[in-house]
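This is query.tsv. It holds TSV, C-alpha atoms.
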```tsv
chain	number	residue	atom	x	y	z
A	347	MET	CA	-66.97	-88.69	-35.74
A	348	GLY	CA	-63.99	-89.96	-33.71
A	349	ASN	CA	-61.76	-87.21	-35.12
A	350	ASN	CA	-64.42	-84.66	-34.23
A	351	ILE	CA	-64.44	-85.73	-30.58
A	352	ARG	CA	-60.62	-85.72	-30.42
A	353	ASP	CA	-60.46	-82.22	-31.89
A	354	ARG	CA	-63.01	-80.90	-29.41
A	355	PHE	CA	-61.10	-82.47	-26.52
A	356	LYS	CA	-57.84	-80.89	-27.71
A	357	ASN	CA	-59.54	-77.50	-27.96
A	358	PHE	CA	-60.98	-78.01	-24.47
A	359	ARG	CA	-57.53	-78.69	-23.02
A	360	ARG	CA	-55.88	-75.93	-25.05
A	361	ARG	CA	-58.19	-73.35	-23.45
A	362	GLY	CA	-56.74	-74.04	-20.02
A	363	SER	CA	-53.14	-73.75	-21.19
A	364	GLN	CA	-53.61	-70.15	-22.30
A	365	PRO	CA	-52.30	-67.67	-19.68
A	366	GLU	CA	-55.15	-65.22	-20.15
A	367	GLN	CA	-57.74	-67.97	-19.63
A	368	LEU	CA	-55.97	-69.16	-16.48
A	369	GLN	CA	-55.80	-65.62	-15.11
A	370	GLN	CA	-59.48	-65.03	-15.87
A	371	LEU	CA	-60.49	-68.24	-14.09
A	372	GLN	CA	-58.45	-67.34	-11.01
A	373	THR	CA	-60.01	-63.86	-10.92
A	374	ASP	CA	-63.53	-65.25	-11.25
A	375	LEU	CA	-63.01	-67.88	-8.56
A	376	LEU	CA	-61.49	-65.35	-6.19
A	377	ALA	CA	-64.58	-63.16	-6.58
A	378	GLU	CA	-66.90	-66.15	-6.05
A	379	SER	CA	-65.22	-67.13	-2.79
A	380	THR	CA	-65.43	-63.67	-1.25
A	381	LEU	CA	-67.37	-63.64	2.00
A	382	ASP	CA	-69.60	-60.63	1.25
A	383	SER	CA	-73.13	-59.56	2.15
A	384	ALA	CA	-74.66	-61.20	-0.94
A	385	TYR	CA	-73.22	-64.58	0.01
A	386	ILE	CA	-74.43	-64.26	3.61
A	387	ILE	CA	-77.94	-63.22	2.52
A	388	LEU	CA	-78.20	-66.18	0.15
A	389	ILE	CA	-77.00	-68.58	2.86
A	390	ILE	CA	-79.57	-67.26	5.34
A	391	SER	CA	-82.39	-67.29	2.78
A	392	SER	CA	-81.69	-70.71	1.32
A	393	CYS	CA	-81.18	-72.25	4.77
A	394	ALA	CA	-84.42	-70.79	6.15
A	395	ILE	CA	-86.40	-72.01	3.13
A	396	ALA	CA	-84.76	-75.46	3.17
A	397	THR	CA	-85.30	-75.87	6.92
A	398	LEU	CA	-88.96	-74.90	6.75
A	399	GLY	CA	-89.40	-77.18	3.75
A	400	LEU	CA	-87.83	-80.05	5.66
A	401	LEU	CA	-90.01	-79.40	8.70
A	402	SER	CA	-93.15	-79.33	6.55
A	403	ASN	CA	-91.91	-82.39	4.61
A	404	SER	CA	-92.35	-80.47	1.35
A	405	ALA	CA	-90.05	-81.54	-1.50
A	406	ALA	CA	-91.15	-78.55	-3.63
A	407	VAL	CA	-90.04	-76.02	-0.99
A	408	ILE	CA	-86.71	-77.81	-0.51
A	409	ILE	CA	-86.06	-77.65	-4.26
A	410	GLY	CA	-86.71	-73.91	-4.15
A	411	ALA	CA	-84.01	-73.53	-1.50
A	412	MET	CA	-81.59	-75.61	-3.56
A	413	ILE	CA	-81.76	-73.17	-6.45
A	414	ILE	CA	-80.47	-70.18	-4.47
A	415	ALA	CA	-77.94	-71.95	-2.21
A	416	PRO	CA	-74.46	-70.45	-2.97
A	417	LEU	CA	-72.21	-73.07	-1.35
A	418	MET	CA	-71.04	-74.47	-4.70
A	419	LEU	CA	-69.08	-71.30	-5.48
A	420	PRO	CA	-66.42	-71.42	-2.72
A	421	ILE	CA	-66.05	-75.21	-3.12
A	422	ARG	CA	-64.85	-74.71	-6.69
A	423	SER	CA	-62.49	-72.04	-5.45
A	424	LEU	CA	-60.90	-74.16	-2.73
A	425	ALA	CA	-60.57	-77.06	-5.19
A	426	PHE	CA	-58.75	-74.90	-7.73
A	427	GLY	CA	-56.71	-73.18	-5.03
A	428	ALA	CA	-55.51	-76.59	-3.80
A	429	LEU	CA	-54.56	-77.64	-7.34
A	430	GLN	CA	-52.60	-74.45	-8.02
A	431	ALA	CA	-51.13	-74.15	-4.52
A	432	ASP	CA	-52.83	-70.76	-4.38
A	433	ILE	CA	-52.98	-70.22	-0.62
A	434	THR	CA	-55.10	-67.06	-0.84
A	435	LEU	CA	-57.75	-68.65	-3.04
A	436	PHE	CA	-57.79	-71.87	-1.01
A	437	ARG	CA	-58.06	-70.02	2.31
A	438	LYS	CA	-60.90	-67.78	1.07
A	439	GLY	CA	-62.79	-70.82	-0.21
A	440	VAL	CA	-62.38	-72.73	3.06
A	441	ILE	CA	-63.46	-69.72	5.15
A	442	ALA	CA	-66.54	-69.11	2.98
A	443	VAL	CA	-67.59	-72.77	3.17
A	444	ALA	CA	-66.96	-72.95	6.94
A	445	VAL	CA	-68.83	-69.73	7.72
A	446	GLY	CA	-71.73	-70.68	5.45
A	447	THR	CA	-71.95	-74.13	7.01
A	448	MET	CA	-71.86	-72.94	10.63
A	449	LEU	CA	-74.37	-70.17	9.92
A	450	ALA	CA	-76.76	-72.62	8.24
A	451	VAL	CA	-76.47	-75.11	11.13
A	452	ALA	CA	-77.22	-72.33	13.63
A	453	ILE	CA	-80.28	-71.15	11.68
A	454	ALA	CA	-81.63	-74.69	11.28
A	455	PHE	CA	-81.06	-75.39	14.99
A	456	THR	CA	-82.94	-72.21	15.96
A	457	LEU	CA	-85.89	-72.90	13.66
A	458	GLY	CA	-86.06	-76.54	14.76
A	459	TRP	CA	-86.01	-75.51	18.43
A	460	LEU	CA	-88.71	-72.85	17.90
A	461	VAL	CA	-91.04	-75.15	15.95
A	462	GLY	CA	-90.44	-78.06	18.32
A	463	LEU	CA	-91.84	-80.92	16.27
A	464	PRO	CA	-91.88	-84.19	18.28
A	465	SER	CA	-90.88	-86.22	15.22
A	466	TYR	CA	-89.57	-85.53	11.74
A	467	GLY	CA	-90.86	-86.56	8.32
A	468	SER	CA	-89.37	-88.61	5.53
A	469	GLU	CA	-87.54	-85.70	3.86
A	470	ILE	CA	-85.39	-85.23	6.97
A	471	LEU	CA	-84.88	-88.91	7.68
A	472	ALA	CA	-83.83	-89.56	4.07
A	473	ARG	CA	-80.83	-87.25	4.53
A	474	SER	CA	-79.50	-89.11	7.55
A	475	ARG	CA	-78.64	-92.36	5.78
A	476	PRO	CA	-75.95	-91.62	3.13
A	477	THR	CA	-74.72	-94.43	0.90
A	478	LEU	CA	-72.38	-94.94	-2.04
A	479	LEU	CA	-75.18	-93.66	-4.26
A	480	ASP	CA	-74.88	-90.22	-2.63
A	481	LEU	CA	-71.14	-90.16	-3.34
A	482	GLY	CA	-71.88	-90.90	-6.99
A	483	ILE	CA	-74.35	-88.01	-7.11
A	484	ALA	CA	-71.80	-85.64	-5.55
A	485	VAL	CA	-69.07	-86.65	-8.00
A	486	ALA	CA	-71.39	-86.12	-10.96
A	487	ALA	CA	-72.56	-82.75	-9.61
A	488	GLY	CA	-68.99	-81.59	-9.03
A	489	GLY	CA	-68.01	-82.58	-12.54
A	490	ILE	CA	-70.91	-80.54	-13.93
A	491	SER	CA	-69.87	-77.54	-11.85
A	492	GLY	CA	-66.22	-77.65	-12.92
A	493	TYR	CA	-67.13	-78.13	-16.57
A	494	ALA	CA	-69.63	-75.26	-16.47
A	495	LYS	CA	-66.94	-72.97	-15.08
A	496	VAL	CA	-64.44	-73.66	-17.86
A	497	GLU	CA	-67.00	-74.04	-20.66
A	498	THR	CA	-68.65	-70.67	-21.24
A	499	LYS	CA	-71.45	-72.15	-23.36
A	500	ILE	CA	-72.97	-73.80	-20.30
A	501	SER	CA	-74.92	-71.76	-17.80
A	502	THR	CA	-73.32	-71.81	-14.35
A	503	SER	CA	-76.78	-71.69	-12.77
A	504	LEU	CA	-77.36	-75.25	-13.99
A	505	ALA	CA	-74.34	-76.49	-12.06
A	506	GLY	CA	-75.26	-74.38	-9.06
A	507	THR	CA	-78.64	-76.04	-8.83
A	508	ALA	CA	-77.16	-79.53	-9.12
A	509	ILE	CA	-74.64	-78.97	-6.33
A	510	ALA	CA	-76.98	-77.06	-4.05
A	511	VAL	CA	-79.22	-80.13	-4.13
A	512	ALA	CA	-76.45	-82.10	-2.43
A	513	LEU	CA	-75.28	-79.54	0.12
A	514	MET	CA	-77.81	-77.29	1.84
A	515	PRO	CA	-80.45	-79.85	2.94
A	516	PRO	CA	-78.04	-82.09	4.90
A	517	ILE	CA	-76.57	-79.03	6.66
A	518	CYS	CA	-80.08	-78.08	7.77
A	519	VAL	CA	-80.72	-81.65	8.97
A	520	ILE	CA	-77.58	-81.40	11.14
A	521	GLY	CA	-79.10	-78.40	12.92
A	522	LEU	CA	-82.52	-80.02	13.20
A	523	GLY	CA	-80.99	-83.13	14.72
A	524	LEU	CA	-79.15	-81.02	17.29
A	525	ALA	CA	-82.37	-79.15	18.11
A	526	GLN	CA	-84.08	-82.45	18.91
A	527	GLY	CA	-81.05	-83.94	20.66
A	528	ASN	CA	-81.00	-86.68	18.04
A	529	TRP	CA	-77.28	-87.37	17.66
A	530	SER	CA	-77.81	-90.24	15.23
A	531	LEU	CA	-79.71	-87.94	12.87
A	532	SER	CA	-77.05	-85.22	13.05
A	533	PHE	CA	-74.21	-87.71	12.58
A	534	GLY	CA	-75.83	-89.23	9.50
A	535	ALA	CA	-76.45	-85.79	7.98
A	536	THR	CA	-72.85	-84.77	8.75
A	537	LEU	CA	-71.56	-87.86	6.96
A	538	LEU	CA	-73.74	-87.02	3.96
A	539	TYR	CA	-72.48	-83.41	3.95
A	540	LEU	CA	-68.82	-84.49	4.09
A	541	THR	CA	-69.45	-87.06	1.37
A	542	ASN	CA	-70.94	-84.43	-0.91
A	543	LEU	CA	-68.25	-81.87	-0.09
A	544	LEU	CA	-65.34	-84.20	-0.83
A	545	GLY	CA	-67.03	-85.75	-3.87
A	546	ILE	CA	-67.72	-82.34	-5.39
A	547	ALA	CA	-64.20	-81.03	-4.65
A	548	LEU	CA	-62.55	-84.15	-6.08
A	549	SER	CA	-64.49	-84.11	-9.35
A	550	CYS	CA	-63.92	-80.34	-9.72
A	551	MET	CA	-60.19	-80.95	-9.37
A	552	VAL	CA	-60.25	-83.69	-12.00
A	553	THR	CA	-62.22	-81.45	-14.38
A	554	PHE	CA	-59.77	-78.54	-13.99
A	555	LEU	CA	-56.88	-80.95	-14.54
A	556	VAL	CA	-58.42	-82.48	-17.68
A	557	ALA	CA	-59.17	-79.00	-19.01
A	558	GLY	CA	-55.47	-78.17	-18.80
A	559	TYR	CA	-55.67	-75.49	-16.11
A	560	THR	CA	-52.94	-77.21	-14.11
A	561	SER	CA	-50.27	-79.83	-14.63
A	562	MET	CA	-50.34	-83.37	-13.29
A	563	ALA	CA	-47.11	-82.75	-11.38
A	564	ARG	CA	-48.67	-79.87	-9.47
A	565	ALA	CA	-52.06	-81.53	-9.02
A	566	ARG	CA	-50.75	-84.91	-7.83
A	567	GLN	CA	-50.43	-84.17	-4.11
A	568	PRO	CA	-53.79	-82.36	-3.55
A	569	LEU	CA	-55.53	-85.00	-5.65
A	570	ILE	CA	-54.02	-87.80	-3.58
A	571	TRP	CA	-55.02	-86.17	-0.30
A	572	THR	CA	-58.58	-85.59	-1.49
A	573	MET	CA	-58.83	-89.15	-2.78
A	574	VAL	CA	-57.53	-90.53	0.53
A	575	LEU	CA	-60.12	-88.56	2.52
A	576	THR	CA	-62.85	-89.68	0.13
A	577	THR	CA	-61.69	-93.30	0.37
A	578	VAL	CA	-61.98	-93.16	4.16
A	579	LEU	CA	-65.67	-92.36	3.72
A	580	LEU	CA	-66.15	-95.42	1.52
A	581	ILE	CA	-66.17	-97.64	4.63
A	582	PRO	CA	-69.25	-96.16	6.37
A	583	LEU	CA	-70.91	-95.48	3.01
A	584	GLY	CA	-70.38	-99.08	1.93
A	585	VAL	CA	-71.79	-100.38	5.21
A	586	SER	CA	-74.75	-98.03	4.87
A	587	PHE	CA	-75.32	-99.16	1.28
A	588	ALA	CA	-75.36	-102.81	2.33
A	589	ARG	CA	-77.76	-101.90	5.15
A	590	LEU	CA	-79.99	-100.07	2.66
A	591	ILE	CA	-80.26	-103.18	0.50
A	592	ARG	CA	-80.98	-105.32	3.56
A	593	GLN	CA	-83.63	-102.88	4.77
A	594	ALA	CA	-85.32	-102.86	1.36
A	595	GLN	CA	-85.44	-106.65	1.43
A	596	LEU	CA	-86.89	-106.64	4.95
A	597	GLU	CA	-89.54	-104.09	4.01
A	598	THR	CA	-90.59	-106.19	1.01
A	599	SER	CA	-90.77	-109.33	3.16
A	600	LEU	CA	-92.69	-107.46	5.85
A	601	ARG	CA	-95.33	-106.19	3.42
A	602	ARG	CA	-95.67	-109.64	1.86
A	603	ALA	CA	-96.09	-111.31	5.25
A	604	LEU	CA	-98.70	-108.80	6.42
A	605	LEU	CA	-100.72	-108.85	3.22
A	606	ASN	CA	-100.62	-112.56	2.43
A	607	ARG	CA	-100.38	-114.33	5.78
A	608	THR	CA	-102.49	-112.43	8.29
A	609	VAL	CA	-106.25	-112.44	8.89
A	610	THR	CA	-106.24	-108.78	9.92
A	611	PHE	CA	-105.07	-107.56	6.51
A	612	GLY	CA	-107.80	-109.59	4.86
A	613	ARG	CA	-110.14	-106.85	6.10
A	614	LEU	CA	-107.82	-103.90	5.45
A	615	GLN	CA	-106.64	-102.03	2.39
A	616	LEU	CA	-102.97	-101.00	2.66
A	617	LEU	CA	-102.46	-97.56	1.12
A	618	ASN	CA	-98.87	-96.81	2.07
A	619	SER	CA	-96.10	-97.89	4.44
A	620	ASN	CA	-93.00	-96.13	5.72
A	621	THR	CA	-90.24	-97.50	7.96
A	622	ASN	CA	-88.14	-95.42	10.34
A	623	TRP	CA	-84.91	-97.39	10.79
A	624	LEU	CA	-83.43	-94.86	13.23
A	625	THR	CA	-85.57	-96.18	16.08
A	626	ASN	CA	-85.03	-99.42	17.98
A	627	PRO	CA	-86.98	-101.46	17.11
A	628	PRO	CA	-87.74	-99.92	13.70
A	629	GLU	CA	-91.13	-98.22	13.44
A	630	VAL	CA	-93.37	-99.21	10.53
A	631	ARG	CA	-96.10	-96.66	9.87
A	632	LEU	CA	-98.95	-98.29	7.94
A	633	SER	CA	-101.63	-96.18	6.29
A	634	VAL	CA	-104.71	-98.38	5.83
A	635	ARG	CA	-108.39	-98.12	5.01
A	636	ALA	CA	-110.87	-100.21	7.01
A	637	LYS	CA	-114.56	-100.58	7.74
A	638	GLU	CA	-113.86	-101.54	11.35
A	639	PRO	CA	-111.33	-100.10	13.82
A	640	VAL	CA	-107.94	-101.77	14.33
A	641	THR	CA	-107.58	-102.71	18.01
A	642	PRO	CA	-104.39	-102.59	20.11
A	643	ARG	CA	-104.71	-106.35	20.62
A	644	GLN	CA	-104.62	-106.91	16.85
A	645	VAL	CA	-101.49	-104.75	16.56
A	646	GLU	CA	-99.85	-106.70	19.40
A	647	LEU	CA	-100.58	-110.02	17.69
A	648	LEU	CA	-99.26	-108.71	14.36
A	649	GLU	CA	-96.01	-107.55	16.00
A	650	ALA	CA	-95.55	-110.97	17.60
A	651	PHE	CA	-96.24	-112.68	14.26
A	652	ILE	CA	-93.73	-110.50	12.40
A	653	LYS	CA	-91.06	-111.11	15.03
A	654	ARG	CA	-91.52	-114.88	14.71
A	655	GLU	CA	-91.54	-114.82	10.90
A	656	MET	CA	-88.64	-112.42	10.31
A	657	GLY	CA	-86.51	-112.86	13.42
A	658	GLN	CA	-86.58	-109.13	14.12
A	659	ALA	CA	-88.92	-106.96	16.15
A	660	PHE	CA	-90.87	-104.10	14.54
A	661	THR	CA	-93.17	-101.51	16.07
A	662	LEU	CA	-96.33	-101.26	13.97
A	663	ILE	CA	-98.20	-97.95	13.90
A	664	PHE	CA	-101.53	-97.91	12.07
A	665	GLU	CA	-103.07	-94.81	10.51
A	666	VAL	CA	-106.62	-95.93	9.83
A	667	GLY	CA	-109.04	-94.23	7.50
A	668	GLN	CA	-112.60	-95.41	8.07
A	669	VAL	CA	-114.67	-96.65	5.15
A	670	GLU	CA	-118.35	-95.83	5.45
A	671	GLU	CA	-121.06	-96.89	2.99
A	672	ILE	CA	-123.56	-94.13	2.22
A	673	ARG	CA	-126.62	-94.71	0.04
A	674	SER	CA	-129.27	-92.37	-1.25
A	675	SER	CA	-132.01	-94.54	0.25
A	676	GLU	CA	-132.52	-97.85	2.01
A	677	PRO	CA	-132.12	-100.80	-0.41
A	678	THR	CA	-135.35	-102.50	-1.30
A	679	LEU	CA	-135.71	-106.25	-0.74
```
Now that the file is in, can you turn its structure into structure tokens?
Amino acid sequence: MGNNIRDRFKNFRRRGSQPEQLQQLQTDLLAESTLDSAYIILIISSCAIATLGLLSNSAAVIIGAMIIAPLMLPIRSLAFGALQADITLFRKGVIAVAVGTMLAVAIAFTLGWLVGLPSYGSEILARSRPTLLDLGIAVAAGGISGYAKVETKISTSLAGTAIAVALMPPICVIGLGLAQGNWSLSFGATLLYLTNLLGIALSCMVTFLVAGYTSMARARQPLIWTMVLTTVLLIPLGVSFARLIRQAQLETSLRRALLNRTVTFGRLQLLNSNTNWLTNPPEVRLSVRAKEPVTPRQVELLEAFIKREMGQAFTLIFEVGQVEEIRSSEPTL
């Protein structure tokens, strides 16, 4: 079995060392990075669908937009152009990515401004807090894309879907944040977009190098530069990851304190809770079921209790569903 794997790896690398294979890859990538009408139409369509899906907080609609987003194509081209010092290919890839990104931000901004929602849902907020986990996803997606390009047995649409997942939604969130004047939201989405872009480009480069489409001597400098830029992002991503763990611990402690140590929740059934950490203090939206209304005084006392217990203030927002008993007739005594 070990010999089998070694033989397949040698064949994989040998494919890239053949001049006709190298020429074919360059031709394909050059065509993929061309800024034509098909690329523009796909950018507009995928961005419009993704933005509307984000505004409606619909994961299914967002996934639909991911499938047709074409941004993965020029990223592979600029990665290979950098490895081969192919200025034409690199420039075309950068232009296609830049134009697609700016167009998508403008469309998302326009749609967000026209709809004018006062607040955004969880699908948007989730793309404003990138962590090291997102970098791992981007690296894996880029590796899939590069491998699919050099391995003809794998459908390129599979890689396209994986990478589109990481790229189009955060671009749309940038525009939506700008439409609302929420700079924190736009900054977080921009960081996620750059993380995905660099992670995808880096893993594509490594895949092309391993496949033998370039030499280590030629690839060393662009690889180093890409790794340096990616390493710079590790600082905010690491801080965000540590904050994510801390927030998860606080949310668990908050739920435990509310459920086990308050009289109010002895009469309530907690259905769901969601915390918006972008506000100060953080807003905790609690979906509950109750026979009696929750009063503002009860919420005030709960907020004071949580602040004393956890050493941090939270704004509690209750969404109460009334429970009403209905019988077919009056019970007999």
Residue list as a PDB file with C-alpha atoms, keeping the file's coordinate frame for point (-89.2, -84.4, 18.2), cut-off 12 Å, only C-alpha atoms:
```
ATOM      1  CA  LEU A 401     -90.010 -79.400   8.700  1.00  0.00           C
ATOM      2  CA  GLY A 458     -86.060 -76.540  14.760  1.00  0.00           C
ATOM      3  CA  TRP A 459     -86.010 -75.510  18.430  1.00  0.00           C
ATOM      4  CA  LEU A 460     -88.710 -72.850  17.900  1.00  0.00           C
ATOM      5  CA  VAL A 461     -91.040 -75.150  15.950  1.00  0.00           C
ATOM      6  CA  GLY A 462     -90.440 -78.060  18.320  1.00  0.00           C
ATOM      7  CA  LEU A 463     -91.840 -80.920  16.270  1.00  0.00           C
ATOM      8  CA  PRO A 464     -91.880 -84.190  18.280  1.00  0.00           C
ATOM      9  CA  SER A 465     -90.880 -86.220  15.220  1.00  0.00           C
ATOM     10  CA  TYR A 466     -89.570 -85.530  11.740  1.00  0.00           C
ATOM     11  CA  GLY A 467     -90.860 -86.560   8.320  1.00  0.00           C
ATOM     12  CA  ILE A 470     -85.390 -85.230   6.970  1.00  0.00           C
ATOM     13  CA  LEU A 522     -82.520 -80.020  13.200  1.00  0.00           C
ATOM     14  CA  GLY A 523     -80.990 -83.130  14.720  1.00  0.00           C
ATOM     15  CA  LEU A 524     -79.150 -81.020  17.290  1.00  0.00           C
ATOM     16  CA  ALA A 525     -82.370 -79.150  18.110  1.00  0.00           C
ATOM     17  CA  GLN A 526     -84.080 -82.450  18.910  1.00  0.00           C
ATOM     18  CA  GLY A 527     -81.050 -83.940  20.660  1.00  0.00           C
ATOM     19  CA  ASN A 528     -81.000 -86.680  18.040  1.00  0.00           C
ATOM     20  CA  LEU A 531     -79.710 -87.940  12.870  1.00  0.00           C
TER      21      LEU A 531
END
```
By how many Å are CA of Leu371 in chain A and CA of Ser383 in chain A apart? 22.3 Å
Would you list the residues near (-67.1, -81.7, -5.2) (no more than 12 Å away, in the coordinates of the file, using all atoms listed in the file) as a VMD selection string? chain A and resid 417 to 426 480 to 493 505 to 506 508 to 510 512 to 513 539 to 554 572 to 573 576
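Among the candidates A:Ala405, A:Val556, A:Ala452, A:Leu614, the one nearest to Ala636 in chain A when counting all atoms listed in the file is A:Leu614.
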Can you measure CA of Leu647 in chain A to CA of Ala594 in chain A for me? One decimal in Å is fine. 23.5 Å
Measuring atom to atom with only C-alpha atoms, identify which of A:Ala659, A:Ala650, A:Leu381, A:Ala415 is nearest to Asn626 in chain A.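 With only C-alpha atoms as the atom set, the closest residue is A:Ala659.
Distance annotation: of A:Thr641, A:Ala377, A:Leu537, A:Met656, the residue with the minimal separation from Val578 in chain A is A:Leu537; atom set is all atoms listed in the file.
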Choose the residue, out of A:Pro628, A:Ala557, A:Leu449, A:Glu597, that has the smallest atom-to-atom separation from Ala494 in chain A; count only C-alpha atoms. A:Ala557
Have a look at A:Val574, A:Leu376, A:Val630, A:Leu590 and name the one nearest to Asp432 in chain A; count all atoms listed in the file. A:Leu376
Tell me which protein, DNA and RNA residues are within 10 Å of Val666 in chain A, counting all atoms listed in the file, leaving out same-chain ones fewer than 4 positions away, and put them as a ChimeraX atom specification. /A:614-617,632-640
Interatomic distance, CA of Ser674 in chain A to CA of Phe611 in chain A (Å, one decimal):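 So the answer is 29.6 Å.
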For Glu646 in chain A, find every residue with an atom within 12 Å (counting all atoms listed in the file), except residues of its own chain fewer than 4 positions away, and show them as a list in words. Thr610, Val640, Thr641, Pro642, Ala650, Phe651, Ile652, Lys653, Ala659, Phe660, Thr661, Leu662, Ile663 and Phe664 of chain A
Create the file for the chosen residues now, containing C-alpha atoms and written as a short mmCIF file (atom, residue, chain, number, x, y, z; two decimals), keeping the file's coordinate frame.
```cif
data_model
loop_
_atom_site.label_atom_id
_atom_site.label_comp_id
_atom_site.auth_asym_id
_atom_site.auth_seq_id
_atom_site.Cartn_x
_atom_site.Cartn_y
_atom_site.Cartn_z
CA THR A 610 -106.24 -108.78 9.92
CA VAL A 640 -107.94 -101.77 14.33
CA THR A 641 -107.58 -102.71 18.01
CA PRO A 642 -104.39 -102.59 20.11
CA ALA A 650 -95.55 -110.97 17.60
CA PHE A 651 -96.24 -112.68 14.26
CA ILE A 652 -93.73 -110.50 12.40
CA LYS A 653 -91.06 -111.11 15.03
CA ALA A 659 -88.92 -106.96 16.15
CA PHE A 660 -90.87 -104.10 14.54
CA THR A 661 -93.17 -101.51 16.07
CA LEU A 662 -96.33 -101.26 13.97
CA ILE A 663 -98.20 -97.95 13.90
CA PHE A 664 -101.53 -97.91 12.07
#
```
Name the residues in contact with Ser468 in chain A at a cut-off of 9 Å, using all atoms listed in the file, excluding same-chain residues fewer than 6 positions from it; report them as a short mmCIF file (atom, residue, chain, number, x, y, z; two decimals) with C-alpha atoms, in the frame of the given file.
```
data_model
loop_
_atom_site.label_atom_id
_atom_site.label_comp_id
_atom_site.auth_asym_id
_atom_site.auth_seq_id
_atom_site.Cartn_x
_atom_site.Cartn_y
_atom_site.Cartn_z
CA LEU A 400 -87.83 -80.05 5.66
CA ASN A 403 -91.91 -82.39 4.61
CA ASN A 620 -93.00 -96.13 5.72
CA ASN A 622 -88.14 -95.42 10.34
#
```
Which is closest to Thr380 in chain A among A:Ile433, A:Ala442, A:Ile591, A:Cys518, if we use all atoms listed in the file?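 Going through A:Ile433, A:Ala442, A:Ile591, A:Cys518 one by one, the smallest distance to Thr380 in chain A is for A:Ala442.
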Env of Ala396 in chain A: 12 Å cut, atoms = all atoms listed in the file, seq-sep filter 5 positions within chain, self excluded. Answer as a tab-separated table (two decimals) with C-alpha atoms, in the frame of the given file.
```tsv
chain	number	residue	atom	x	y	z
A	388	LEU	CA	-78.20	-66.18	0.15
A	389	ILE	CA	-77.00	-68.58	2.86
A	390	ILE	CA	-79.57	-67.26	5.34
A	391	SER	CA	-82.39	-67.29	2.78
A	401	LEU	CA	-90.01	-79.40	8.70
A	402	SER	CA	-93.15	-79.33	6.55
A	403	ASN	CA	-91.91	-82.39	4.61
A	404	SER	CA	-92.35	-80.47	1.35
A	405	ALA	CA	-90.05	-81.54	-1.50
A	406	ALA	CA	-91.15	-78.55	-3.63
A	407	VAL	CA	-90.04	-76.02	-0.99
A	408	ILE	CA	-86.71	-77.81	-0.51
A	409	ILE	CA	-86.06	-77.65	-4.26
A	410	GLY	CA	-86.71	-73.91	-4.15
A	411	ALA	CA	-84.01	-73.53	-1.50
A	412	MET	CA	-81.59	-75.61	-3.56
A	413	ILE	CA	-81.76	-73.17	-6.45
A	414	ILE	CA	-80.47	-70.18	-4.47
A	415	ALA	CA	-77.94	-71.95	-2.21
A	450	ALA	CA	-76.76	-72.62	8.24
A	451	VAL	CA	-76.47	-75.11	11.13
A	453	ILE	CA	-80.28	-71.15	11.68
A	454	ALA	CA	-81.63	-74.69	11.28
A	457	LEU	CA	-85.89	-72.90	13.66
A	458	GLY	CA	-86.06	-76.54	14.76
A	469	GLU	CA	-87.54	-85.70	3.86
A	470	ILE	CA	-85.39	-85.23	6.97
A	510	ALA	CA	-76.98	-77.06	-4.05
A	511	VAL	CA	-79.22	-80.13	-4.13
A	513	LEU	CA	-75.28	-79.54	0.12
A	514	MET	CA	-77.81	-77.29	1.84
A	515	PRO	CA	-80.45	-79.85	2.94
A	516	PRO	CA	-78.04	-82.09	4.90
A	517	ILE	CA	-76.57	-79.03	6.66
A	518	CYS	CA	-80.08	-78.08	7.77
A	519	VAL	CA	-80.72	-81.65	8.97
A	521	GLY	CA	-79.10	-78.40	12.92
A	522	LEU	CA	-82.52	-80.02	13.20
```
